[in-house]
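**Student:** I am sharing input-v5.cif, which consists of mmCIF, N, CA and C atoms and all ligand atoms:
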data_entry
#
loop_
_atom_site.group_PDB
_atom_site.id
_atom_site.type_symbol
_atom_site.label_atom_id
_atom_site.label_comp_id
_atom_site.auth_asym_id
_atom_site.auth_seq_id
_atom_site.Cartn_x
_atom_site.Cartn_y
_atom_site.Cartn_z
ATOM 1 N N MET A 1 -16.933 -0.749 -3.349
ATOM 2 C CA MET A 1 -16.409 0.049 -2.225
ATOM 3 C C MET A 1 -14.981 -0.380 -1.903
ATOM 4 N N LYS A 2 -14.111 0.573 -1.869
ATOM 5 C CA LYS A 2 -12.707 0.261 -1.601
ATOM 6 C C LYS A 2 -12.449 0.006 -0.122
ATOM 7 N N GLU A 3 -11.564 -0.920 0.125
ATOM 8 C CA GLU A 3 -11.168 -1.220 1.487
ATOM 9 C C GLU A 3 -10.294 -0.080 2.014
ATOM 10 N N GLU A 4 -10.511 0.297 3.262
ATOM 11 C CA GLU A 4 -9.720 1.381 3.851
ATOM 12 C C GLU A 4 -8.325 0.904 4.220
ATOM 13 N N LEU A 5 -7.362 1.752 3.978
ATOM 14 C CA LEU A 5 -5.991 1.423 4.368
ATOM 15 C C LEU A 5 -5.793 1.702 5.848
ATOM 16 N N LYS A 6 -5.176 0.762 6.509
ATOM 17 C CA LYS A 6 -4.880 0.987 7.925
ATOM 18 C C LYS A 6 -3.624 1.824 8.048
ATOM 19 N N ARG A 7 -3.449 2.382 9.218
ATOM 20 C CA ARG A 7 -2.258 3.195 9.458
ATOM 21 C C ARG A 7 -1.013 2.323 9.542
ATOM 22 N N CYS A 8 0.117 2.958 9.349
ATOM 23 C CA CYS A 8 1.393 2.263 9.369
ATOM 24 C C CYS A 8 1.611 1.536 10.702
ATOM 25 N N PRO A 9 2.002 0.253 10.642
ATOM 26 C CA PRO A 9 2.227 -0.510 11.875
ATOM 27 C C PRO A 9 3.492 -0.076 12.623
ATOM 28 N N PHE A 10 4.363 0.674 11.963
ATOM 29 C CA PHE A 10 5.626 1.057 12.578
ATOM 30 C C PHE A 10 5.580 2.440 13.219
ATOM 31 N N CYS A 11 4.997 3.396 12.533
ATOM 32 C CA CYS A 11 5.016 4.766 13.058
ATOM 33 C C CYS A 11 3.615 5.346 13.255
ATOM 34 N N GLY A 12 2.587 4.626 12.809
ATOM 35 C CA GLY A 12 1.218 5.130 12.961
ATOM 36 C C GLY A 12 0.866 6.208 11.953
ATOM 37 N N GLY A 13 1.740 6.405 10.977
ATOM 38 C CA GLY A 13 1.512 7.416 9.950
ATOM 39 C C GLY A 13 0.459 6.988 8.941
ATOM 40 N N LYS A 14 0.087 7.942 8.113
ATOM 41 C CA LYS A 14 -0.921 7.682 7.104
ATOM 42 C C LYS A 14 -0.303 6.909 5.946
ATOM 43 N N ALA A 15 -0.974 5.846 5.539
ATOM 44 C CA ALA A 15 -0.501 5.059 4.406
ATOM 45 C C ALA A 15 -1.333 5.398 3.186
ATOM 46 N N GLU A 16 -0.725 5.313 2.025
ATOM 47 C CA GLU A 16 -1.489 5.561 0.811
ATOM 48 C C GLU A 16 -1.051 4.630 -0.303
ATOM 49 N N ILE A 17 -1.974 4.443 -1.223
ATOM 50 C CA ILE A 17 -1.704 3.552 -2.343
ATOM 51 C C ILE A 17 -0.915 4.309 -3.411
ATOM 52 N N ARG A 18 0.086 3.656 -3.946
ATOM 53 C CA ARG A 18 0.898 4.258 -5.000
ATOM 54 C C ARG A 18 0.832 3.390 -6.245
ATOM 55 N N GLU A 19 0.880 4.044 -7.378
ATOM 56 C CA GLU A 19 0.883 3.315 -8.635
ATOM 57 C C GLU A 19 2.310 3.175 -9.132
ATOM 58 N N ILE A 20 2.595 2.026 -9.696
ATOM 59 C CA ILE A 20 3.891 1.816 -10.313
ATOM 60 C C ILE A 20 3.720 2.099 -11.799
ATOM 61 N N ALA A 21 4.326 3.160 -12.252
ATOM 62 C CA ALA A 21 4.186 3.526 -13.658
ATOM 63 C C ALA A 21 5.377 3.024 -14.460
ATOM 64 N N THR A 22 5.100 2.519 -15.616
ATOM 65 C CA THR A 22 6.178 2.088 -16.496
ATOM 66 C C THR A 22 6.628 3.270 -17.348
ATOM 67 N N ARG A 23 7.610 3.064 -18.156
ATOM 68 C CA ARG A 23 8.112 4.134 -19.019
ATOM 69 C C ARG A 23 7.068 4.586 -20.041
ATOM 70 N N THR A 24 6.195 3.665 -20.375
ATOM 71 C CA THR A 24 5.148 4.020 -21.326
ATOM 72 C C THR A 24 3.949 4.636 -20.609
ATOM 73 N N SER A 25 4.134 4.904 -19.322
ATOM 74 C CA SER A 25 3.146 5.545 -18.467
ATOM 75 C C SER A 25 1.858 4.756 -18.260
ATOM 76 N N SER A 26 1.904 3.475 -18.576
ATOM 77 C CA SER A 26 0.769 2.640 -18.218
ATOM 78 C C SER A 26 1.007 2.155 -16.789
ATOM 79 N N ILE A 27 -0.054 1.751 -16.131
ATOM 80 C CA ILE A 27 0.081 1.319 -14.740
ATOM 81 C C ILE A 27 0.537 -0.134 -14.690
ATOM 82 N N ASP A 28 1.639 -0.344 -14.010
ATOM 83 C CA ASP A 28 2.240 -1.669 -13.956
ATOM 84 C C ASP A 28 1.893 -2.409 -12.664
ATOM 85 N N GLY A 29 1.404 -1.693 -11.685
ATOM 86 C CA GLY A 29 1.072 -2.350 -10.432
ATOM 87 C C GLY A 29 0.840 -1.332 -9.334
ATOM 88 N N PHE A 30 0.612 -1.835 -8.134
ATOM 89 C CA PHE A 30 0.314 -0.961 -7.006
ATOM 90 C C PHE A 30 1.052 -1.429 -5.762
ATOM 91 N N TYR A 31 1.372 -0.489 -4.910
ATOM 92 C CA TYR A 31 1.912 -0.835 -3.600
ATOM 93 C C TYR A 31 1.461 0.223 -2.612
ATOM 94 N N VAL A 32 1.574 -0.108 -1.348
ATOM 95 C CA VAL A 32 1.176 0.831 -0.306
ATOM 96 C C VAL A 32 2.430 1.397 0.337
ATOM 97 N N MET A 33 2.435 2.705 0.532
ATOM 98 C CA MET A 33 3.577 3.314 1.185
ATOM 99 C C MET A 33 3.124 4.234 2.307
ATOM 100 N N CYS A 34 3.874 4.210 3.410
ATOM 101 C CA CYS A 34 3.614 5.110 4.523
ATOM 102 C C CYS A 34 4.157 6.488 4.143
ATOM 103 N N THR A 35 3.332 7.513 4.314
ATOM 104 C CA THR A 35 3.763 8.861 3.930
ATOM 105 C C THR A 35 4.755 9.446 4.934
ATOM 106 N N LYS A 36 4.857 8.803 6.088
ATOM 107 C CA LYS A 36 5.726 9.336 7.143
ATOM 108 C C LYS A 36 7.098 8.670 7.174
ATOM 109 N N CYS A 37 7.118 7.338 7.343
ATOM 110 C CA CYS A 37 8.417 6.652 7.463
ATOM 111 C C CYS A 37 8.832 5.952 6.167
ATOM 112 N N LYS A 38 7.978 6.058 5.154
ATOM 113 C CA LYS A 38 8.268 5.529 3.809
ATOM 114 C C LYS A 38 8.379 4.011 3.741
ATOM 115 N N THR A 39 7.878 3.340 4.752
ATOM 116 C CA THR A 39 7.785 1.887 4.668
ATOM 117 C C THR A 39 6.835 1.548 3.530
ATOM 118 N N SER A 40 7.211 0.556 2.731
ATOM 119 C CA SER A 40 6.313 0.196 1.647
ATOM 120 C C SER A 40 6.035 -1.293 1.632
ATOM 121 N N GLY A 41 4.888 -1.637 1.097
ATOM 122 C CA GLY A 41 4.497 -3.024 0.974
ATOM 123 C C GLY A 41 4.980 -3.604 -0.341
ATOM 124 N N ASP A 42 4.614 -4.841 -0.575
ATOM 125 C CA ASP A 42 4.999 -5.491 -1.819
ATOM 126 C C ASP A 42 4.179 -4.951 -2.991
ATOM 127 N N ASN A 43 4.629 -5.266 -4.173
ATOM 128 C CA ASN A 43 3.925 -4.838 -5.380
ATOM 129 C C ASN A 43 2.866 -5.855 -5.784
ATOM 130 N N TYR A 44 1.724 -5.348 -6.169
ATOM 131 C CA TYR A 44 0.629 -6.209 -6.615
ATOM 132 C C TYR A 44 0.020 -5.613 -7.869
ATOM 133 N N SER A 45 -0.599 -6.485 -8.642
ATOM 134 C CA SER A 45 -1.188 -6.014 -9.896
ATOM 135 C C SER A 45 -2.475 -5.235 -9.666
ATOM 136 N N LYS A 46 -3.124 -5.481 -8.532
ATOM 137 C CA LYS A 46 -4.369 -4.766 -8.244
ATOM 138 C C LYS A 46 -4.247 -3.949 -6.966
ATOM 139 N N ALA A 47 -4.869 -2.777 -6.972
ATOM 140 C CA ALA A 47 -4.841 -1.911 -5.798
ATOM 141 C C ALA A 47 -5.496 -2.577 -4.601
ATOM 142 N N GLU A 48 -6.571 -3.309 -4.842
ATOM 143 C CA GLU A 48 -7.290 -3.968 -3.739
ATOM 144 C C GLU A 48 -6.409 -5.014 -3.057
ATOM 145 N N THR A 49 -5.629 -5.719 -3.870
ATOM 146 C CA THR A 49 -4.755 -6.749 -3.316
ATOM 147 C C THR A 49 -3.658 -6.115 -2.469
ATOM 148 N N ALA A 50 -3.106 -5.023 -2.942
ATOM 149 C CA ALA A 50 -2.065 -4.321 -2.199
ATOM 150 C C ALA A 50 -2.620 -3.788 -0.877
ATOM 151 N N THR A 51 -3.832 -3.275 -0.932
ATOM 152 C CA THR A 51 -4.502 -2.766 0.267
ATOM 153 C C THR A 51 -4.719 -3.875 1.277
ATOM 154 N N ARG A 52 -5.225 -4.996 0.796
ATOM 155 C CA ARG A 52 -5.514 -6.116 1.683
ATOM 156 C C ARG A 52 -4.234 -6.649 2.329
ATOM 157 N N ALA A 53 -3.194 -6.763 1.514
ATOM 158 C CA ALA A 53 -1.922 -7.275 2.024
ATOM 159 C C ALA A 53 -1.358 -6.339 3.101
ATOM 160 N N TRP A 54 -1.485 -5.043 2.888
ATOM 161 C CA TRP A 54 -1.007 -4.059 3.867
ATOM 162 C C TRP A 54 -1.791 -4.190 5.175
ATOM 163 N N ASN A 55 -3.082 -4.314 5.055
ATOM 164 C CA ASN A 55 -3.931 -4.407 6.244
ATOM 165 C C ASN A 55 -3.661 -5.686 7.036
ATOM 166 N N ILE A 56 -3.457 -6.782 6.339
ATOM 167 C CA ILE A 56 -3.154 -8.044 7.009
ATOM 168 C C ILE A 56 -1.827 -7.924 7.752
ATOM 169 N N ARG A 57 -0.872 -7.305 7.094
ATOM 170 C CA ARG A 57 0.441 -7.113 7.700
ATOM 171 C C ARG A 57 0.338 -6.217 8.934
ATOM 172 N N THR A 58 -0.470 -5.176 8.821
ATOM 173 C CA THR A 58 -0.675 -4.262 9.944
ATOM 174 C C THR A 58 -1.232 -4.996 11.147
ATOM 175 N N GLU A 59 -2.197 -5.876 10.888
ATOM 176 C CA GLU A 59 -2.798 -6.644 11.974
ATOM 177 C C GLU A 59 -1.782 -7.591 12.593
ATOM 178 N N ALA A 60 -0.905 -8.135 11.771
ATOM 179 C CA ALA A 60 0.097 -9.076 12.259
ATOM 180 C C ALA A 60 1.162 -8.389 13.109
ATOM 181 N N GLU A 61 1.469 -7.135 12.761
ATOM 182 C CA GLU A 61 2.535 -6.410 13.458
ATOM 183 C C GLU A 61 2.073 -5.817 14.780
ATOM 184 N N THR A 62 0.816 -5.532 14.892
ATOM 185 C CA THR A 62 0.346 -4.838 16.101
ATOM 186 C C THR A 62 -0.274 -5.789 17.116
HETATM 187 ZN ZN ZN A 101 5.239 4.575 8.903
#
Can the structure in the file be given as structure tokens, please?
Ligand SMILES: [Zn+2]

**Tutor:**
Amino acid sequence: MKEELKRCPFCGGKAEIREIATRTSSIDGFYVMCTKCKTSGDNYSKAETATRAWNIRTEAET
């Protein structure tokens, strides 16, 4: 079960997971980006890690 992404700590917008694609179109990593203010989190090799890092940051900011 995937962890739910929390809303953006800055604007309250919807956040979503994005894949970092390389030129060879393989997945190089993941990051979370706010669809509203375009704030983005750090890059991680796993989607779950990026999600967790975003959620922890959200809790810290609010
Ligand atoms: Zn935002």

**Student:** Neighbours of ligand ZN 101 (chain A) at 7 Å or closer, counting only C-alpha atoms and all ligand atoms: which residues, as a PyMOL selection string?

**Tutor:** chain A and resi 8-13+34-39

**Student:** For the selection you just gave me, I'd like the residues written to a file as an mmCIF file, in the frame of the given file, keeping N, CA and C atoms.

**Tutor:**
data_model
loop_
_atom_site.group_PDB
_atom_site.id
_atom_site.type_symbol
_atom_site.label_atom_id
_atom_site.label_comp_id
_atom_site.auth_asym_id
_atom_site.auth_seq_id
_atom_site.Cartn_x
_atom_site.Cartn_y
_atom_site.Cartn_z
ATOM 1 N N CYS A 8 0.117 2.958 9.349
ATOM 2 C CA CYS A 8 1.393 2.263 9.369
ATOM 3 C C CYS A 8 1.611 1.536 10.702
ATOM 4 N N PRO A 9 2.002 0.253 10.642
ATOM 5 C CA PRO A 9 2.227 -0.510 11.875
ATOM 6 C C PRO A 9 3.492 -0.076 12.623
ATOM 7 N N PHE A 10 4.363 0.674 11.963
ATOM 8 C CA PHE A 10 5.626 1.057 12.578
ATOM 9 C C PHE A 10 5.580 2.440 13.219
ATOM 10 N N CYS A 11 4.997 3.396 12.533
ATOM 11 C CA CYS A 11 5.016 4.766 13.058
ATOM 12 C C CYS A 11 3.615 5.346 13.255
ATOM 13 N N GLY A 12 2.587 4.626 12.809
ATOM 14 C CA GLY A 12 1.218 5.130 12.961
ATOM 15 C C GLY A 12 0.866 6.208 11.953
ATOM 16 N N GLY A 13 1.740 6.405 10.977
ATOM 17 C CA GLY A 13 1.512 7.416 9.950
ATOM 18 C C GLY A 13 0.459 6.988 8.941
ATOM 19 N N CYS A 34 3.874 4.210 3.410
ATOM 20 C CA CYS A 34 3.614 5.110 4.523
ATOM 21 C C CYS A 34 4.157 6.488 4.143
ATOM 22 N N THR A 35 3.332 7.513 4.314
ATOM 23 C CA THR A 35 3.763 8.861 3.930
ATOM 24 C C THR A 35 4.755 9.446 4.934
ATOM 25 N N LYS A 36 4.857 8.803 6.088
ATOM 26 C CA LYS A 36 5.726 9.336 7.143
ATOM 27 C C LYS A 36 7.098 8.670 7.174
ATOM 28 N N CYS A 37 7.118 7.338 7.343
ATOM 29 C CA CYS A 37 8.417 6.652 7.463
ATOM 30 C C CYS A 37 8.832 5.952 6.167
ATOM 31 N N LYS A 38 7.978 6.058 5.154
ATOM 32 C CA LYS A 38 8.268 5.529 3.809
ATOM 33 C C LYS A 38 8.379 4.011 3.741
ATOM 34 N N THR A 39 7.878 3.340 4.752
ATOM 35 C CA THR A 39 7.785 1.887 4.668
ATOM 36 C C THR A 39 6.835 1.548 3.530
#

**Student:** Spell out the residues picked by the PyMOL selection byres (((chain A and resi 26-29) around 6.5) and not hetatm) here, as a PyMOL selection string.

**Tutor:** chain A and resi 18-25+30-31+43-47

**Student:** Between atom N of Lys6 (chain A) and CA of Ala53 (chain A), what distance in Å does the model show, to one decimal?

**Tutor:** 9.8 Å

**Student:** Would you please work out which residue, of A:Ala60, A:Asn55, A:Gly41, A:Thr49, is nearest to Leu5 (chain A) when using only N, CA and C atoms?

**Tutor:** A:Asn55

**Student:** If I wrap all listed atoms of region 13-31 of chain A in a box with edges along x, y and z and add 6 Å on each side, what are its centre and edge lengths in Å to one decimal, as AutoDock Vina command-line options?

**Tutor:**
--center_x 3.1 --center_y 2.8 --center_z -5.2 --size_x 22.1 --size_y 22.4 --size_z 44.3

**Student:** Taking (0.6, 3.7, 1.8) in the file's own coordinates, collect the residues within 5 Å, counting all atoms listed in the file, and hand them back as a count of residues only.

**Tutor:** 6

**Student:** DSSP on the backbone: what in chain A comes out strand (DSSP E), as a VMD selection string?

**Tutor:** chain A and resid 15 to 21 27 to 34

**Student:** Kindly save the residues from that selection, with N, CA and C atoms included, as an mmCIF file, in the coordinates of the input.

**Tutor:**
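Result file is result11.cif:
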data_model
loop_
_atom_site.group_PDB
_atom_site.id
_atom_site.type_symbol
_atom_site.label_atom_id
_atom_site.label_comp_id
_atom_site.auth_asym_id
_atom_site.auth_seq_id
_atom_site.Cartn_x
_atom_site.Cartn_y
_atom_site.Cartn_z
ATOM 1 N N ALA A 15 -0.974 5.846 5.539
ATOM 2 C CA ALA A 15 -0.501 5.059 4.406
ATOM 3 C C ALA A 15 -1.333 5.398 3.186
ATOM 4 N N GLU A 16 -0.725 5.313 2.025
ATOM 5 C CA GLU A 16 -1.489 5.561 0.811
ATOM 6 C C GLU A 16 -1.051 4.630 -0.303
ATOM 7 N N ILE A 17 -1.974 4.443 -1.223
ATOM 8 C CA ILE A 17 -1.704 3.552 -2.343
ATOM 9 C C ILE A 17 -0.915 4.309 -3.411
ATOM 10 N N ARG A 18 0.086 3.656 -3.946
ATOM 11 C CA ARG A 18 0.898 4.258 -5.000
ATOM 12 C C ARG A 18 0.832 3.390 -6.245
ATOM 13 N N GLU A 19 0.880 4.044 -7.378
ATOM 14 C CA GLU A 19 0.883 3.315 -8.635
ATOM 15 C C GLU A 19 2.310 3.175 -9.132
ATOM 16 N N ILE A 20 2.595 2.026 -9.696
ATOM 17 C CA ILE A 20 3.891 1.816 -10.313
ATOM 18 C C ILE A 20 3.720 2.099 -11.799
ATOM 19 N N ALA A 21 4.326 3.160 -12.252
ATOM 20 C CA ALA A 21 4.186 3.526 -13.658
ATOM 21 C C ALA A 21 5.377 3.024 -14.460
ATOM 22 N N ILE A 27 -0.054 1.751 -16.131
ATOM 23 C CA ILE A 27 0.081 1.319 -14.740
ATOM 24 C C ILE A 27 0.537 -0.134 -14.690
ATOM 25 N N ASP A 28 1.639 -0.344 -14.010
ATOM 26 C CA ASP A 28 2.240 -1.669 -13.956
ATOM 27 C C ASP A 28 1.893 -2.409 -12.664
ATOM 28 N N GLY A 29 1.404 -1.693 -11.685
ATOM 29 C CA GLY A 29 1.072 -2.350 -10.432
ATOM 30 C C GLY A 29 0.840 -1.332 -9.334
ATOM 31 N N PHE A 30 0.612 -1.835 -8.134
ATOM 32 C CA PHE A 30 0.314 -0.961 -7.006
ATOM 33 C C PHE A 30 1.052 -1.429 -5.762
ATOM 34 N N TYR A 31 1.372 -0.489 -4.910
ATOM 35 C CA TYR A 31 1.912 -0.835 -3.600
ATOM 36 C C TYR A 31 1.461 0.223 -2.612
ATOM 37 N N VAL A 32 1.574 -0.108 -1.348
ATOM 38 C CA VAL A 32 1.176 0.831 -0.306
ATOM 39 C C VAL A 32 2.430 1.397 0.337
ATOM 40 N N MET A 33 2.435 2.705 0.532
ATOM 41 C CA MET A 33 3.577 3.314 1.185
ATOM 42 C C MET A 33 3.124 4.234 2.307
ATOM 43 N N CYS A 34 3.874 4.210 3.410
ATOM 44 C CA CYS A 34 3.614 5.110 4.523
ATOM 45 C C CYS A 34 4.157 6.488 4.143
#

**Student:** Please report, as JSON, numbers by chain, each residue of chain A to which DSSP assigns alpha helix (DSSP H) when run on this structure's backbone.

**Tutor:** {"A": [47, 48, 49, 50, 51, 52, 53, 54, 55, 56, 57, 58, 59, 60, 61]}

**Student:** What would region 14-25 of chain A look like with all heavy atoms restored, written as an mmCIF file, in the coordinates of the input?

**Tutor:**
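The resulting file, part19.cif, is shown below:
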data_model
loop_
_atom_site.group_PDB
_atom_site.id
_atom_site.type_symbol
_atom_site.label_atom_id
_atom_site.label_comp_id
_atom_site.auth_asym_id
_atom_site.auth_seq_id
_atom_site.Cartn_x
_atom_site.Cartn_y
_atom_site.Cartn_z
ATOM 1 N N LYS A 14 0.087 7.942 8.113
ATOM 2 C CA LYS A 14 -0.921 7.682 7.104
ATOM 3 C C LYS A 14 -0.303 6.909 5.946
ATOM 4 O O LYS A 14 0.750 7.287 5.436
ATOM 5 C CB LYS A 14 -1.473 9.017 6.597
ATOM 6 C CG LYS A 14 -2.685 8.901 5.719
ATOM 7 C CD LYS A 14 -3.151 10.304 5.312
ATOM 8 C CE LYS A 14 -4.425 10.260 4.489
ATOM 9 N NZ LYS A 14 -4.261 9.577 3.202
ATOM 10 N N ALA A 15 -0.974 5.846 5.539
ATOM 11 C CA ALA A 15 -0.501 5.059 4.406
ATOM 12 C C ALA A 15 -1.333 5.398 3.186
ATOM 13 O O ALA A 15 -2.503 5.750 3.292
ATOM 14 C CB ALA A 15 -0.619 3.576 4.726
ATOM 15 N N GLU A 16 -0.725 5.313 2.025
ATOM 16 C CA GLU A 16 -1.489 5.561 0.811
ATOM 17 C C GLU A 16 -1.051 4.630 -0.303
ATOM 18 O O GLU A 16 0.063 4.114 -0.317
ATOM 19 C CB GLU A 16 -1.378 7.029 0.382
ATOM 20 C CG GLU A 16 0.024 7.463 0.049
ATOM 21 C CD GLU A 16 0.077 8.931 -0.339
ATOM 22 O OE1 GLU A 16 -0.810 9.697 0.056
ATOM 23 O OE2 GLU A 16 1.026 9.284 -1.055
ATOM 24 N N ILE A 17 -1.974 4.443 -1.223
ATOM 25 C CA ILE A 17 -1.704 3.552 -2.343
ATOM 26 C C ILE A 17 -0.915 4.309 -3.411
ATOM 27 O O ILE A 17 -1.194 5.468 -3.689
ATOM 28 C CB ILE A 17 -3.024 2.968 -2.897
ATOM 29 C CG1 ILE A 17 -2.776 1.735 -3.731
ATOM 30 C CG2 ILE A 17 -3.841 4.000 -3.644
ATOM 31 C CD1 ILE A 17 -2.842 0.448 -2.965
ATOM 32 N N ARG A 18 0.086 3.656 -3.946
ATOM 33 C CA ARG A 18 0.898 4.258 -5.000
ATOM 34 C C ARG A 18 0.832 3.390 -6.245
ATOM 35 O O ARG A 18 0.794 2.179 -6.144
ATOM 36 C CB ARG A 18 2.362 4.371 -4.553
ATOM 37 C CG ARG A 18 2.584 5.348 -3.413
ATOM 38 C CD ARG A 18 2.398 6.764 -3.907
ATOM 39 N NE ARG A 18 2.493 7.727 -2.831
ATOM 40 C CZ ARG A 18 3.626 8.345 -2.470
ATOM 41 N NH1 ARG A 18 4.746 8.081 -3.093
ATOM 42 N NH2 ARG A 18 3.626 9.207 -1.503
ATOM 43 N N GLU A 19 0.880 4.044 -7.378
ATOM 44 C CA GLU A 19 0.883 3.315 -8.635
ATOM 45 C C GLU A 19 2.310 3.175 -9.132
ATOM 46 O O GLU A 19 3.101 4.091 -8.993
ATOM 47 C CB GLU A 19 0.075 4.090 -9.684
ATOM 48 C CG GLU A 19 -1.392 4.141 -9.359
ATOM 49 C CD GLU A 19 -2.133 5.134 -10.272
ATOM 50 O OE1 GLU A 19 -1.468 5.825 -11.065
ATOM 51 O OE2 GLU A 19 -3.362 5.187 -10.163
ATOM 52 N N ILE A 20 2.595 2.026 -9.696
ATOM 53 C CA ILE A 20 3.891 1.816 -10.313
ATOM 54 C C ILE A 20 3.720 2.099 -11.799
ATOM 55 O O ILE A 20 3.025 1.372 -12.498
ATOM 56 C CB ILE A 20 4.376 0.371 -10.110
ATOM 57 C CG1 ILE A 20 4.415 0.026 -8.615
ATOM 58 C CG2 ILE A 20 5.742 0.172 -10.760
ATOM 59 C CD1 ILE A 20 4.381 -1.459 -8.343
ATOM 60 N N ALA A 21 4.326 3.160 -12.252
ATOM 61 C CA ALA A 21 4.186 3.526 -13.658
ATOM 62 C C ALA A 21 5.377 3.024 -14.460
ATOM 63 O O ALA A 21 6.519 3.098 -14.012
ATOM 64 C CB ALA A 21 4.060 5.036 -13.788
ATOM 65 N N THR A 22 5.100 2.519 -15.616
ATOM 66 C CA THR A 22 6.178 2.088 -16.496
ATOM 67 C C THR A 22 6.628 3.270 -17.348
ATOM 68 O O THR A 22 6.059 4.357 -17.275
ATOM 69 C CB THR A 22 5.695 0.961 -17.429
ATOM 70 O OG1 THR A 22 4.629 1.475 -18.221
ATOM 71 C CG2 THR A 22 5.210 -0.234 -16.633
ATOM 72 N N ARG A 23 7.610 3.064 -18.156
ATOM 73 C CA ARG A 23 8.112 4.134 -19.019
ATOM 74 C C ARG A 23 7.068 4.586 -20.041
ATOM 75 O O ARG A 23 7.090 5.707 -20.506
ATOM 76 C CB ARG A 23 9.366 3.670 -19.764
ATOM 77 C CG ARG A 23 10.572 3.703 -18.858
ATOM 78 C CD ARG A 23 11.802 3.273 -19.603
ATOM 79 N NE ARG A 23 12.892 3.001 -18.672
ATOM 80 C CZ ARG A 23 14.112 2.676 -19.043
ATOM 81 N NH1 ARG A 23 14.392 2.562 -20.317
ATOM 82 N NH2 ARG A 23 15.041 2.465 -18.160
ATOM 83 N N THR A 24 6.195 3.665 -20.375
ATOM 84 C CA THR A 24 5.148 4.020 -21.326
ATOM 85 C C THR A 24 3.949 4.636 -20.609
ATOM 86 O O THR A 24 2.900 4.818 -21.191
ATOM 87 C CB THR A 24 4.694 2.777 -22.123
ATOM 88 O OG1 THR A 24 4.363 1.747 -21.193
ATOM 89 C CG2 THR A 24 5.783 2.291 -23.045
ATOM 90 N N SER A 25 4.134 4.904 -19.322
ATOM 91 C CA SER A 25 3.146 5.545 -18.467
ATOM 92 C C SER A 25 1.858 4.756 -18.260
ATOM 93 O O SER A 25 0.854 5.291 -17.811
ATOM 94 C CB SER A 25 2.823 6.979 -18.913
ATOM 95 O OG SER A 25 1.968 6.965 -20.028
#
